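Asker: Input file: run_18.tsv. Contents: TSV, C-alpha atoms.
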```tsv
chain	number	residue	atom	x	y	z
A	1	MET	CA	-10.08	23.38	-21.56
A	2	PRO	CA	-8.90	24.10	-18.01
A	3	ARG	CA	-7.49	21.30	-15.94
A	4	ILE	CA	-7.04	20.92	-12.22
A	5	VAL	CA	-3.75	19.29	-11.38
A	6	VAL	CA	-3.51	17.28	-8.17
A	7	ASP	CA	-0.11	16.12	-6.93
A	8	VAL	CA	0.11	13.32	-4.39
A	9	MET	CA	3.31	12.20	-2.66
A	10	PRO	CA	4.10	9.41	-0.21
A	11	LYS	CA	4.32	10.79	3.32
A	12	PRO	CA	7.88	11.85	4.24
A	13	GLU	CA	8.12	9.33	7.09
A	14	ILE	CA	7.11	6.43	4.86
A	15	LEU	CA	9.83	4.63	2.99
A	16	ASP	CA	9.11	4.86	-0.73
A	17	PRO	CA	10.28	1.51	-2.15
A	18	GLN	CA	9.86	2.66	-5.75
A	19	GLY	CA	11.90	5.80	-5.18
A	20	LYS	CA	14.56	3.69	-3.53
A	21	ALA	CA	14.77	1.42	-6.58
A	22	ILE	CA	15.04	4.43	-8.90
A	23	VAL	CA	17.81	6.09	-6.89
A	24	GLY	CA	19.69	2.81	-7.09
A	25	ALA	CA	19.40	2.75	-10.89
A	26	LEU	CA	20.44	6.35	-11.56
A	27	PRO	CA	24.19	6.00	-10.89
A	28	ARG	CA	24.35	2.97	-13.16
A	29	LEU	CA	23.47	5.35	-16.00
A	30	GLY	CA	25.99	7.95	-14.89
A	31	PHE	CA	23.52	10.20	-13.06
A	32	THR	CA	25.49	10.52	-9.88
A	33	ALA	CA	24.22	13.85	-8.53
A	34	PHE	CA	21.06	12.52	-6.88
A	35	SER	CA	21.09	11.14	-3.36
A	36	SER	CA	17.37	10.42	-3.02
A	37	VAL	CA	14.27	9.94	-5.17
A	38	ARG	CA	10.65	9.93	-4.10
A	39	GLN	CA	7.96	8.95	-6.58
A	40	GLY	CA	4.51	10.51	-6.45
A	41	LYS	CA	1.43	10.79	-8.63
A	42	ARG	CA	0.02	13.61	-10.75
A	43	PHE	CA	-3.67	13.66	-11.62
A	44	GLU	CA	-5.16	15.96	-14.27
A	45	LEU	CA	-8.87	16.62	-13.88
A	46	THR	CA	-10.37	18.22	-16.99
A	47	VAL	CA	-13.22	20.67	-16.47
A	48	ASP	CA	-15.72	21.50	-19.23
A	49	GLY	CA	-16.00	25.23	-18.70
A	50	GLU	CA	-14.87	27.61	-16.03
A	51	VAL	CA	-13.21	26.37	-12.84
A	52	THR	CA	-15.31	27.89	-10.08
A	53	GLU	CA	-14.45	27.88	-6.39
A	54	GLU	CA	-17.09	25.17	-5.96
A	55	ILE	CA	-15.43	22.96	-8.56
A	56	LEU	CA	-12.02	23.55	-7.02
A	57	ALA	CA	-13.45	22.57	-3.65
A	58	GLN	CA	-14.79	19.38	-5.23
A	59	ALA	CA	-11.33	18.63	-6.61
A	60	ARG	CA	-9.75	19.13	-3.18
A	61	ASN	CA	-12.37	16.84	-1.66
A	62	ALA	CA	-11.77	14.18	-4.32
A	63	ALA	CA	-8.03	14.50	-3.73
A	64	GLU	CA	-8.44	13.73	-0.04
A	65	THR	CA	-11.05	10.96	-0.34
A	66	LEU	CA	-10.21	9.02	-3.49
A	67	LEU	CA	-7.01	10.24	-5.14
A	68	SER	CA	-4.91	9.86	-1.99
A	69	ASN	CA	-4.89	7.64	1.08
A	70	PRO	CA	-4.13	9.86	4.08
A	71	VAL	CA	-2.51	6.96	5.93
A	72	ILE	CA	0.35	6.78	3.44
A	73	GLU	CA	0.11	9.86	1.19
A	74	ASP	CA	-0.17	13.65	1.27
A	75	VAL	CA	-1.91	15.87	-1.26
A	76	VAL	CA	0.89	18.36	-1.86
A	77	ASN	CA	-0.66	20.52	-4.58
A	78	VAL	CA	-4.03	21.34	-6.16
A	79	GLU	CA	-3.88	23.97	-8.90
A	80	VAL	CA	-5.64	25.09	-12.05
A	81	VAL	CA	-3.69	25.05	-15.31
A	82	GLY	CA	-4.63	26.06	-18.86
A	83	ALA	CA	-7.51	28.27	-17.79
B	84	MET	CA	-24.56	-26.82	-3.93
B	85	THR	CA	-22.46	-29.90	-3.28
B	86	GLU	CA	-18.97	-30.26	-4.52
B	87	LEU	CA	-16.78	-33.33	-4.62
B	88	PRO	CA	-13.17	-32.82	-3.62
B	89	LEU	CA	-10.75	-33.50	-6.45
B	90	ILE	CA	-8.97	-36.10	-4.36
B	91	GLY	CA	-9.13	-37.46	-0.86
B	92	GLY	CA	-12.75	-38.51	-0.48
B	93	ALA	CA	-15.41	-36.51	1.34
B	94	PRO	CA	-14.52	-33.11	2.85
B	95	ALA	CA	-13.00	-33.90	6.23
B	96	ALA	CA	-14.22	-30.79	7.99
B	97	ALA	CA	-17.80	-31.23	6.91
B	98	GLU	CA	-17.77	-34.66	8.49
B	99	MET	CA	-16.49	-33.31	11.78
B	100	PHE	CA	-19.33	-30.85	12.13
B	101	ASP	CA	-23.06	-31.09	11.86
B	102	GLY	CA	-23.22	-30.56	8.13
B	103	GLY	CA	-26.97	-29.97	8.14
B	104	ALA	CA	-26.81	-27.08	10.57
B	105	LEU	CA	-23.72	-25.52	9.02
B	106	ALA	CA	-25.16	-25.68	5.53
B	107	GLY	CA	-27.77	-23.22	6.72
B	108	ALA	CA	-25.02	-20.64	7.25
B	109	ARG	CA	-24.69	-18.46	4.15
B	110	ILE	CA	-21.29	-16.91	3.47
B	111	GLY	CA	-21.21	-14.25	0.75
B	112	VAL	CA	-18.11	-14.00	-1.44
B	113	VAL	CA	-17.68	-10.72	-3.32
B	114	THR	CA	-16.46	-10.57	-6.91
B	115	PHE	CA	-15.02	-7.31	-8.29
B	116	PRO	CA	-13.61	-6.82	-11.77
B	117	GLY	CA	-10.14	-8.32	-11.39
B	118	THR	CA	-10.89	-10.57	-8.40
B	119	LEU	CA	-8.99	-13.86	-8.67
B	120	ASP	CA	-9.70	-15.99	-5.64
B	121	ASP	CA	-13.49	-15.81	-5.35
B	122	ARG	CA	-13.99	-19.35	-6.57
B	123	ASP	CA	-11.37	-20.74	-4.19
B	124	ALA	CA	-12.99	-18.84	-1.32
B	125	MET	CA	-16.42	-20.25	-2.21
B	126	ARG	CA	-14.95	-23.74	-2.42
B	127	ALA	CA	-13.34	-23.27	0.99
B	128	VAL	CA	-16.72	-22.27	2.46
B	129	ARG	CA	-18.30	-25.42	1.03
B	130	LEU	CA	-15.42	-27.64	2.22
B	131	ALA	CA	-15.98	-26.24	5.70
B	132	GLY	CA	-19.64	-27.26	5.43
B	133	GLY	CA	-21.28	-23.88	4.77
B	134	THR	CA	-23.22	-22.47	1.85
B	135	ALA	CA	-21.30	-20.08	-0.42
B	136	VAL	CA	-23.26	-17.18	-1.91
B	137	PRO	CA	-21.73	-15.29	-4.85
B	138	LEU	CA	-22.02	-11.50	-4.48
B	139	TRP	CA	-21.39	-8.98	-7.26
B	140	HIS	CA	-19.68	-5.65	-6.61
B	141	ALA	CA	-22.39	-3.68	-8.41
B	142	ASP	CA	-25.20	-5.16	-6.31
B	143	THR	CA	-26.97	-2.55	-4.23
B	144	GLU	CA	-28.28	-5.02	-1.63
B	145	LEU	CA	-26.31	-7.44	0.48
B	146	GLY	CA	-29.13	-9.96	0.56
B	147	ASP	CA	-29.50	-12.78	3.02
B	148	VAL	CA	-25.94	-13.60	4.09
B	149	ASP	CA	-24.53	-14.33	7.55
B	150	ALA	CA	-20.94	-13.30	6.77
B	151	VAL	CA	-18.92	-11.88	3.88
B	152	ILE	CA	-15.52	-12.75	2.44
B	153	ILE	CA	-13.69	-10.22	0.26
B	154	PRO	CA	-11.25	-12.40	-1.63
B	155	GLY	CA	-7.87	-11.72	-3.17
B	156	GLY	CA	-6.87	-10.63	-6.63
B	157	PHE	CA	-6.31	-7.36	-8.41
B	158	SER	CA	-9.61	-5.48	-8.24
B	159	TYR	CA	-9.62	-2.75	-10.87
B	160	GLY	CA	-6.08	-3.79	-11.82
B	161	ASP	CA	-4.73	-2.24	-8.60
B	162	TYR	CA	-5.17	1.10	-10.39
B	163	LEU	CA	-4.77	4.21	-8.21
B	164	ARG	CA	-3.95	2.12	-5.11
B	165	ALA	CA	-4.70	-1.53	-4.38
B	166	GLY	CA	-8.33	-1.66	-3.23
B	167	ALA	CA	-8.94	2.07	-3.62
B	168	ILE	CA	-11.56	1.90	-6.35
B	169	ALA	CA	-13.22	-1.29	-5.13
B	170	ARG	CA	-13.80	0.44	-1.81
B	171	PHE	CA	-16.38	2.69	-3.48
B	172	ALA	CA	-18.32	-0.12	-5.19
B	173	PRO	CA	-22.05	-0.01	-4.35
B	174	LEU	CA	-21.92	-3.29	-2.41
B	175	MET	CA	-19.02	-2.10	-0.24
B	176	GLY	CA	-21.21	0.61	1.27
B	177	LYS	CA	-23.64	-2.07	2.41
B	178	ILE	CA	-20.84	-4.26	3.76
B	179	ILE	CA	-19.31	-1.36	5.71
B	180	ASP	CA	-22.70	-0.51	7.24
B	181	ALA	CA	-23.41	-4.15	8.15
B	182	ALA	CA	-19.94	-4.63	9.67
B	183	ASN	CA	-20.37	-1.52	11.83
B	184	SER	CA	-24.00	-2.28	12.77
B	185	ASP	CA	-25.15	-3.86	16.02
B	186	ALA	CA	-25.43	-7.16	14.16
B	187	LYS	CA	-21.65	-7.00	13.56
B	188	LEU	CA	-21.61	-8.89	10.29
B	189	PRO	CA	-18.46	-11.04	10.17
B	190	VAL	CA	-16.21	-9.83	7.32
B	191	LEU	CA	-12.93	-11.42	6.21
B	192	GLY	CA	-10.59	-9.64	3.77
B	193	ILE	CA	-7.88	-11.74	2.19
B	194	CYS	CA	-4.92	-10.07	0.42
B	195	ASN	CA	-6.57	-7.57	-1.95
B	196	GLY	CA	-9.61	-7.95	0.30
B	197	PHE	CA	-7.46	-6.79	3.25
B	198	GLN	CA	-6.36	-3.80	1.16
B	199	ILE	CA	-10.01	-3.02	0.40
B	200	LEU	CA	-10.86	-3.18	4.12
B	201	THR	CA	-8.12	-0.69	5.00
B	202	GLU	CA	-9.19	1.62	2.18
B	203	SER	CA	-12.72	1.30	3.59
B	204	HIS	CA	-11.44	2.31	7.06
B	205	LEU	CA	-12.95	-0.87	8.52
B	206	LEU	CA	-9.37	-1.68	9.51
B	207	PRO	CA	-6.58	0.80	10.31
B	208	GLY	CA	-3.31	1.26	8.44
B	209	SER	CA	-2.51	0.54	4.83
B	210	MET	CA	-0.40	-1.63	2.56
B	211	ILE	CA	2.46	-0.41	0.41
B	212	LYS	CA	4.79	-2.21	-1.97
B	213	ASN	CA	6.87	-5.04	-0.50
B	214	ASP	CA	10.15	-3.63	0.84
B	215	HIS	CA	12.10	-5.83	-1.59
B	216	LEU	CA	9.88	-4.64	-4.48
B	217	LYS	CA	9.22	-8.12	-5.85
B	218	PHE	CA	6.06	-10.15	-6.12
B	219	LEU	CA	6.50	-13.01	-3.70
B	220	CYS	CA	4.73	-16.36	-3.59
B	221	ARG	CA	5.63	-18.81	-0.83
B	222	ASP	CA	4.26	-20.97	1.92
B	223	GLN	CA	4.25	-18.82	5.03
B	224	VAL	CA	4.20	-19.75	8.69
B	225	LEU	CA	1.92	-17.55	10.81
B	226	ARG	CA	1.21	-17.47	14.51
B	227	VAL	CA	-2.42	-17.06	15.56
B	228	GLU	CA	-2.11	-14.26	18.12
B	229	ASN	CA	-5.83	-13.87	18.81
B	230	ASN	CA	-8.21	-16.82	18.67
B	231	THR	CA	-11.28	-14.90	19.81
B	232	THR	CA	-12.21	-13.19	16.53
B	233	ASP	CA	-15.13	-14.48	14.46
B	234	TRP	CA	-12.63	-15.95	11.99
B	235	THR	CA	-10.13	-17.59	14.39
B	236	LEU	CA	-12.31	-19.29	17.04
B	237	ASP	CA	-11.30	-22.77	15.94
B	238	TYR	CA	-7.56	-22.16	16.36
B	239	ALA	CA	-5.59	-22.44	19.58
B	240	ALA	CA	-4.00	-19.25	20.89
B	241	GLY	CA	-0.40	-19.18	19.70
B	242	GLN	CA	-1.02	-21.94	17.16
B	243	GLU	CA	1.33	-21.86	14.18
B	244	ILE	CA	-0.24	-22.44	10.78
B	245	THR	CA	1.23	-22.59	7.28
B	246	ILE	CA	-0.72	-21.07	4.40
B	247	PRO	CA	0.26	-19.59	1.03
B	248	LEU	CA	1.27	-15.94	0.66
B	249	LYS	CA	1.32	-14.19	-2.73
B	250	ASN	CA	1.47	-10.45	-3.13
B	251	GLN	CA	3.35	-7.40	-4.30
B	252	ASP	CA	1.77	-4.69	-2.13
B	253	GLY	CA	1.88	-6.57	1.16
B	254	GLN	CA	3.90	-4.32	3.45
B	255	TYR	CA	1.56	-3.44	6.30
B	256	ILE	CA	2.16	0.02	7.70
B	257	ALA	CA	0.52	2.27	10.26
B	258	ASP	CA	1.81	5.01	12.53
B	259	GLU	CA	3.42	3.97	15.82
B	260	LYS	CA	0.41	5.07	17.86
B	261	THR	CA	-1.93	2.88	15.82
B	262	LEU	CA	0.48	-0.06	16.03
B	263	ASP	CA	0.76	0.31	19.81
B	264	ALA	CA	-3.03	0.42	20.10
B	265	LEU	CA	-3.44	-2.68	17.92
B	266	GLU	CA	-0.96	-4.57	20.10
B	267	ALA	CA	-2.50	-3.38	23.37
B	268	GLU	CA	-6.02	-4.31	22.30
B	269	GLY	CA	-5.03	-7.74	21.00
B	270	ARG	CA	-5.97	-6.79	17.48
B	271	VAL	CA	-2.83	-8.19	15.89
B	272	VAL	CA	-4.45	-11.47	14.87
B	273	PHE	CA	-1.62	-13.03	12.84
B	274	ARG	CA	2.13	-12.51	12.82
B	275	TYR	CA	4.69	-13.73	10.30
B	276	MET	CA	6.99	-16.33	11.81
B	277	GLY	CA	10.59	-17.04	10.89
B	278	PHE	CA	10.73	-14.56	8.02
B	279	ASN	CA	9.05	-11.25	7.36
B	280	PRO	CA	8.16	-11.58	3.66
B	281	ASN	CA	7.36	-7.95	2.88
B	282	GLY	CA	8.68	-5.61	5.55
B	283	SER	CA	5.37	-5.35	7.40
B	284	ARG	CA	5.62	-3.38	10.64
B	285	ARG	CA	6.09	-5.61	13.68
B	286	ASP	CA	5.73	-8.72	11.47
B	287	ILE	CA	1.99	-8.11	11.26
B	288	ALA	CA	0.23	-10.45	8.83
B	289	GLY	CA	-3.36	-9.74	9.86
B	290	ILE	CA	-5.45	-7.57	12.16
B	291	SER	CA	-9.02	-7.18	13.35
B	292	ASN	CA	-11.37	-4.37	14.28
B	293	ALA	CA	-12.17	-3.75	17.94
B	294	ALA	CA	-15.24	-6.02	17.92
B	295	GLY	CA	-13.38	-8.91	16.24
B	296	ASN	CA	-15.95	-9.36	13.49
B	297	VAL	CA	-13.78	-7.77	10.79
B	298	VAL	CA	-10.46	-9.50	10.08
B	299	GLY	CA	-7.98	-8.85	7.28
B	300	LEU	CA	-4.75	-10.62	6.37
B	301	MET	CA	-2.36	-10.81	3.44
B	302	PRO	CA	-1.80	-14.62	3.24
B	303	HIS	CA	-4.42	-16.90	1.73
B	304	PRO	CA	-6.22	-19.39	4.01
B	305	GLU	CA	-8.58	-20.39	1.18
B	306	HIS	CA	-5.66	-22.00	-0.64
B	307	ALA	CA	-4.99	-24.35	2.29
B	308	THR	CA	-8.31	-26.08	2.80
B	309	GLU	CA	-8.00	-29.33	0.91
B	310	THR	CA	-5.77	-32.36	1.30
B	311	GLY	CA	-3.43	-32.64	-1.67
B	312	PHE	CA	-3.53	-28.95	-2.55
B	313	GLY	CA	-1.98	-27.20	0.44
B	314	PRO	CA	1.51	-26.20	1.52
B	315	GLU	CA	2.52	-29.62	2.80
B	316	SER	CA	2.09	-31.40	-0.49
B	317	LEU	CA	3.76	-28.52	-2.34
B	318	ASP	CA	7.14	-28.39	-0.68
B	319	GLY	CA	6.90	-29.92	2.75
B	320	VAL	CA	7.34	-26.69	4.70
B	321	GLY	CA	5.39	-28.12	7.56
B	322	GLY	CA	1.95	-27.78	8.98
B	323	SER	CA	-0.77	-29.49	7.04
B	324	ASP	CA	-2.56	-28.99	3.77
B	325	VAL	CA	-5.62	-27.69	5.55
B	326	ASP	CA	-4.29	-25.13	8.02
B	327	GLY	CA	-6.52	-22.47	6.44
B	328	LEU	CA	-9.75	-24.38	6.92
B	329	GLY	CA	-10.10	-23.07	10.48
B	330	PHE	CA	-11.01	-19.59	9.21
B	331	PHE	CA	-14.10	-20.95	7.53
B	332	THR	CA	-15.12	-23.41	10.23
B	333	SER	CA	-14.65	-20.63	12.81
B	334	VAL	CA	-17.16	-18.30	11.22
B	335	LEU	CA	-19.61	-21.17	10.68
B	336	THR	CA	-19.25	-22.11	14.36
B	337	LYS	CA	-19.90	-18.49	15.26
B	338	ILE	CA	-22.97	-18.25	13.03
B	339	VAL	CA	-24.69	-21.44	14.12
B	340	GLY	CA	-24.44	-20.54	17.78
B	341	GLY	CA	-20.94	-21.45	18.70
B	342	ASN	CA	-19.45	-24.08	20.96
B	343	LYS	CA	-16.95	-21.76	22.65
```
In structure tokens, write the structure found in this file.
Answerer:
Amino acid sequence: MPRIVVDVMPKPEILDPQGKAIVGALPRLGFTAFSSVRQGKRFELTVDGEVTEEILAQARNAAETLLSNPVIEDVVNVEVVGA
Amino acid sequence: MTELPLIGGAPAAAEMFDGGALAGARIGVVTFPGTLDDRDAMRAVRLAGGTAVPLWHADTELGDVDAVIIPGGFSYGDYLRAGAIARFAPLMGKIIDAANSDAKLPVLGICNGFQILTESHLLPGSMIKNDHLKFLCRDQVLRVENNTTDWTLDYAAGQEITIPLKNQDGQYIADEKTLDALEAEGRVVFRYMGFNPNGSRRDIAGISNAAGNVVGLMPHPEHATETGFGPESLDGVGGSDVDGLGFFTSVLTKIVGGNK
């Protein structure tokens, strides 16, 4: 079954408190190569049947209206996988 | 519905006002799955002398109410984003329309209710996780920066009040242009005093829309409306136990015709 993957990230100018906590924890485990972490969200929307342009447009619309808040987040990717 | 206070005799605020007239004012309090503070908000309305009307998120009609309170809690478990799913509840559409209508329905969003109001675009900006990442519960001093909104009429301009604060996603953010506009238009209604508990931009604790009928804030006035149960008796921070009562008397004053 095809899925539409939507990736949402906090806007670059907004401090990501969760990412900040993670980057603080990494060196304690010996992972010292990473200077910054930003945490986002991945949504997988399953489609029963073929992913048409109309359905993809619906997914993009949903990504902008419900899945993300444009004040604090950007939709960085909408793509079809497993088609 | 009448309700006896747990201690302290008759509700003080109800005695100060014309209880008969105020009781005619109907304040709706919305319950979503995961709402916590709806009962406290309804009690606060009654202590202020008004009539509390329970509203259910799935209702498709707002019914006969003169104002609406969206209380705190964790609607839909804060899934997706705090307030994001509640914003699309059937009743929210009606509340958004009524708040934007010529009638300018007074709407107060407390904590999660504030988050729902920003997700609804009734108020600008958004809330993200506290900058220190921890859930924080404390008695918080606020300054009333605007006493002309429907929910702050009974406070003095610049008055400092102490009410409880309890949240995890309480860091108010907006872009600089929006923040400048809020300041210029007097729409910063409350500011944190002494200590910024969550990293909110410009110490903003609460804001209003342009008309002043929609107000949202992170701290909880409904938890400071009854002698013996407010901040003073808890740890003696200052203020009184009933610093939050003014929110509820303000909107009742507004509804019954106002004395300001």
Asker: Considering all atoms listed in the file, give me a table of residues in chain A that are at most 12 Å from chain B, with the closest atom pair and distance in Å for each, as a Markdown table.
Answerer:
```
| residue | atom | partner | partner_atom | distance |
| --- | --- | --- | --- | --- |
| A:Val8 | CA | B:Leu163 | CA | 11.0 |
| A:Pro10 | CA | B:Ile211 | CA | 10.0 |
| A:Lys11 | CA | B:Asp258 | CA | 11.2 |
| A:Glu13 | CA | B:Asp258 | CA | 9.4 |
| A:Ile14 | CA | B:Ile256 | CA | 8.6 |
| A:Leu15 | CA | B:Asp214 | CA | 8.5 |
| A:Asp16 | CA | B:Lys212 | CA | 8.4 |
| A:Pro17 | CA | B:Asp214 | CA | 5.9 |
| A:Gln18 | CA | B:Leu216 | CA | 7.4 |
| A:Gly19 | CA | B:Leu216 | CA | 10.7 |
| A:Lys20 | CA | B:Asp214 | CA | 9.6 |
| A:Ala21 | CA | B:Leu216 | CA | 8.1 |
| A:Ile22 | CA | B:Leu216 | CA | 11.3 |
| A:Gly40 | CA | B:Leu163 | CA | 11.4 |
| A:Lys41 | CA | B:Leu163 | CA | 9.1 |
| A:Arg42 | CA | B:Leu163 | CA | 10.9 |
| A:Phe43 | CA | B:Leu163 | CA | 10.1 |
| A:Ala63 | CA | B:Leu163 | CA | 11.7 |
| A:Thr65 | CA | B:Ala167 | CA | 9.7 |
| A:Leu66 | CA | B:Ala167 | CA | 7.1 |
| A:Leu67 | CA | B:Leu163 | CA | 7.1 |
| A:Ser68 | CA | B:Arg164 | CA | 8.4 |
| A:Asn69 | CA | B:Glu202 | CA | 7.5 |
| A:Pro70 | CA | B:Ser209 | CA | 9.5 |
| A:Val71 | CA | B:Gly208 | CA | 6.3 |
| A:Ile72 | CA | B:Ser209 | CA | 7.0 |
| A:Glu73 | CA | B:Ser209 | CA | 10.3 |
```
Asker: With all atoms listed in the file as the atoms that count, which of A:Val51, A:Pro12, A:Val37, A:Thr46 lies nearest to Gly24 (chain A)?
Answerer: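 Of A:Val51, A:Pro12, A:Val37, A:Thr46, the one nearest Gly24 (chain A) is A:Val37, counting all atoms listed in the file.
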Asker: Between CA of Gln223 (chain B) and CA of Phe157 (chain B), what distance in Å does the model show, to one decimal?
Answerer: 20.6 Å
Asker: Can you pull out the residues contacting region 106-111 of chain B? Cut-off 10 Å, using all atoms listed in the file, and skip same-chain residues under 3 positions away; I want them as a PyMOL selection string.
Answerer: chain B and resi 84+97+101-103+114+121+124-125+128-129+131-139+145-153+189-190+331+334-339
Asker: Which residues come within 10 Å of Glu50 (chain A), counting only C-alpha atoms, excluding same-chain residues fewer than 4 positions away, as a ChimeraX atom specification?
Answerer: /A:1-3,55,83
Asker: What's around Ile244 (chain B) at 12 Å? Count all atoms listed in the file, leave out sequence neighbours fewer than 4 positions away in its own chain, and write the answer as a compact mmCIF listing (two decimals) with C-alpha atoms, in the frame of the given file.
Answerer:
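To be explicit, this is the file written out as selection24.txt:
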```
# COMPACT_ATOMS: atom_id res chain seq x y z
CA ASP B 222 4.26 -20.97 1.92
CA GLN B 223 4.25 -18.82 5.03
CA VAL B 224 4.20 -19.75 8.69
CA LEU B 225 1.92 -17.55 10.81
CA ARG B 226 1.21 -17.47 14.51
CA VAL B 227 -2.42 -17.06 15.56
CA GLU B 228 -2.11 -14.26 18.12
CA THR B 235 -10.13 -17.59 14.39
CA TYR B 238 -7.56 -22.16 16.36
CA ALA B 239 -5.59 -22.44 19.58
CA ALA B 240 -4.00 -19.25 20.89
CA PHE B 273 -1.62 -13.03 12.84
CA ARG B 274 2.13 -12.51 12.82
CA TYR B 275 4.69 -13.73 10.30
CA MET B 276 6.99 -16.33 11.81
CA PRO B 302 -1.80 -14.62 3.24
CA HIS B 303 -4.42 -16.90 1.73
CA PRO B 304 -6.22 -19.39 4.01
CA ALA B 307 -4.99 -24.35 2.29
CA THR B 308 -8.31 -26.08 2.80
CA GLY B 313 -1.98 -27.20 0.44
CA PRO B 314 1.51 -26.20 1.52
CA GLU B 315 2.52 -29.62 2.80
CA VAL B 320 7.34 -26.69 4.70
CA GLY B 321 5.39 -28.12 7.56
CA GLY B 322 1.95 -27.78 8.98
CA SER B 323 -0.77 -29.49 7.04
CA ASP B 324 -2.56 -28.99 3.77
CA VAL B 325 -5.62 -27.69 5.55
CA ASP B 326 -4.29 -25.13 8.02
CA GLY B 327 -6.52 -22.47 6.44
CA LEU B 328 -9.75 -24.38 6.92
CA GLY B 329 -10.10 -23.07 10.48
CA PHE B 330 -11.01 -19.59 9.21
```
Asker: Write out as a list in words which residues come within 8 Å of Val76 (chain A) when counting only C-alpha atoms, dropping same-chain ones fewer than 6 positions away.
Answerer: Val6, Asp7, Val8 and Met9 of chain A
Asker: Can you tell me how far CA of Gln251 (chain B) sits from CA of Glu44 (chain A), in Å to one decimal?
Answerer: 26.8 Å
Asker: What does the distance from CA of Gly253 (chain B) to CA of Ile193 (chain B) come to in Å, to one decimal?
Answerer: 11.1 Å
Asker: Considering all atoms listed in the file, can you say which of B:Gln242, B:Asn230, B:Ser203, B:Thr261 comes closest to Gly166 (chain B)?
Answerer: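 The shortest atom-to-atom distance to Gly166 (chain B) comes from B:Ser203.
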Asker: Please list as a PyMOL selection string every residue within 9 Å of Leu219 (chain B), counting all atoms listed in the file and excluding residues in the same chain fewer than 3 positions away.
Answerer: chain B and resi 213+248-251+280-281
Asker: Got a moment to write region 3-45 of chain A out with C-alpha atoms, as a PDB file, in the first residue's frame?
Answerer:
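This is the output file out.pdb:
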```
ATOM      1  CA  ARG A   3       2.186   5.884   1.789  1.00  0.00           C
ATOM      2  CA  ILE A   4       2.702   9.609   1.667  1.00  0.00           C
ATOM      3  CA  VAL A   5       5.453  10.709   4.000  1.00  0.00           C
ATOM      4  CA  VAL A   6       5.281  14.214   5.447  1.00  0.00           C
ATOM      5  CA  ASP A   7       8.282  15.619   7.302  1.00  0.00           C
ATOM      6  CA  VAL A   8       7.844  18.606   9.597  1.00  0.00           C
ATOM      7  CA  MET A   9      10.696  20.490  11.280  1.00  0.00           C
ATOM      8  CA  PRO A  10      10.800  23.375  13.742  1.00  0.00           C
ATOM      9  CA  LYS A  11      11.577  26.616  11.924  1.00  0.00           C
ATOM     10  CA  PRO A  12      15.328  27.339  11.780  1.00  0.00           C
ATOM     11  CA  GLU A  13      15.004  30.570  13.759  1.00  0.00           C
ATOM     12  CA  ILE A  14      13.115  28.874  16.582  1.00  0.00           C
ATOM     13  CA  LEU A  15      15.129  27.332  19.362  1.00  0.00           C
ATOM     14  CA  ASP A  16      14.313  23.624  19.549  1.00  0.00           C
ATOM     15  CA  PRO A  17      14.427  22.803  23.275  1.00  0.00           C
ATOM     16  CA  GLN A  18      14.158  19.060  22.659  1.00  0.00           C
ATOM     17  CA  GLY A  19      17.014  19.071  20.170  1.00  0.00           C
ATOM     18  CA  LYS A  20      19.067  21.055  22.652  1.00  0.00           C
ATOM     19  CA  ALA A  21      18.481  18.432  25.349  1.00  0.00           C
ATOM     20  CA  ILE A  22      19.460  15.636  22.963  1.00  0.00           C
ATOM     21  CA  VAL A  23      22.680  17.319  21.854  1.00  0.00           C
ATOM     22  CA  GLY A  24      23.560  17.679  25.517  1.00  0.00           C
ATOM     23  CA  ALA A  25      23.067  13.948  26.111  1.00  0.00           C
ATOM     24  CA  LEU A  26      25.034  12.668  23.117  1.00  0.00           C
ATOM     25  CA  PRO A  27      28.565  13.376  24.398  1.00  0.00           C
ATOM     26  CA  ARG A  28      27.760  11.654  27.674  1.00  0.00           C
ATOM     27  CA  LEU A  29      27.437   8.456  25.639  1.00  0.00           C
ATOM     28  CA  GLY A  30      30.629   9.092  23.719  1.00  0.00           C
ATOM     29  CA  PHE A  31      28.981  10.517  20.594  1.00  0.00           C
ATOM     30  CA  THR A  32      31.124  13.595  20.329  1.00  0.00           C
ATOM     31  CA  ALA A  33      30.906  14.363  16.605  1.00  0.00           C
ATOM     32  CA  PHE A  34      27.585  16.221  16.688  1.00  0.00           C
ATOM     33  CA  SER A  35      27.412  19.929  17.429  1.00  0.00           C
ATOM     34  CA  SER A  36      23.662  20.395  16.998  1.00  0.00           C
ATOM     35  CA  VAL A  37      20.442  18.371  16.927  1.00  0.00           C
ATOM     36  CA  ARG A  38      17.022  19.433  15.736  1.00  0.00           C
ATOM     37  CA  GLN A  39      14.046  17.164  16.307  1.00  0.00           C
ATOM     38  CA  GLY A  40      11.177  17.043  13.833  1.00  0.00           C
ATOM     39  CA  LYS A  41       8.186  14.858  13.056  1.00  0.00           C
ATOM     40  CA  ARG A  42       7.515  12.284  10.339  1.00  0.00           C
ATOM     41  CA  PHE A  43       3.943  11.431   9.380  1.00  0.00           C
ATOM     42  CA  GLU A  44       3.021   8.438   7.218  1.00  0.00           C
ATOM     43  CA  LEU A  45      -0.337   8.719   5.477  1.00  0.00           C
TER      44      LEU A  45
END
```
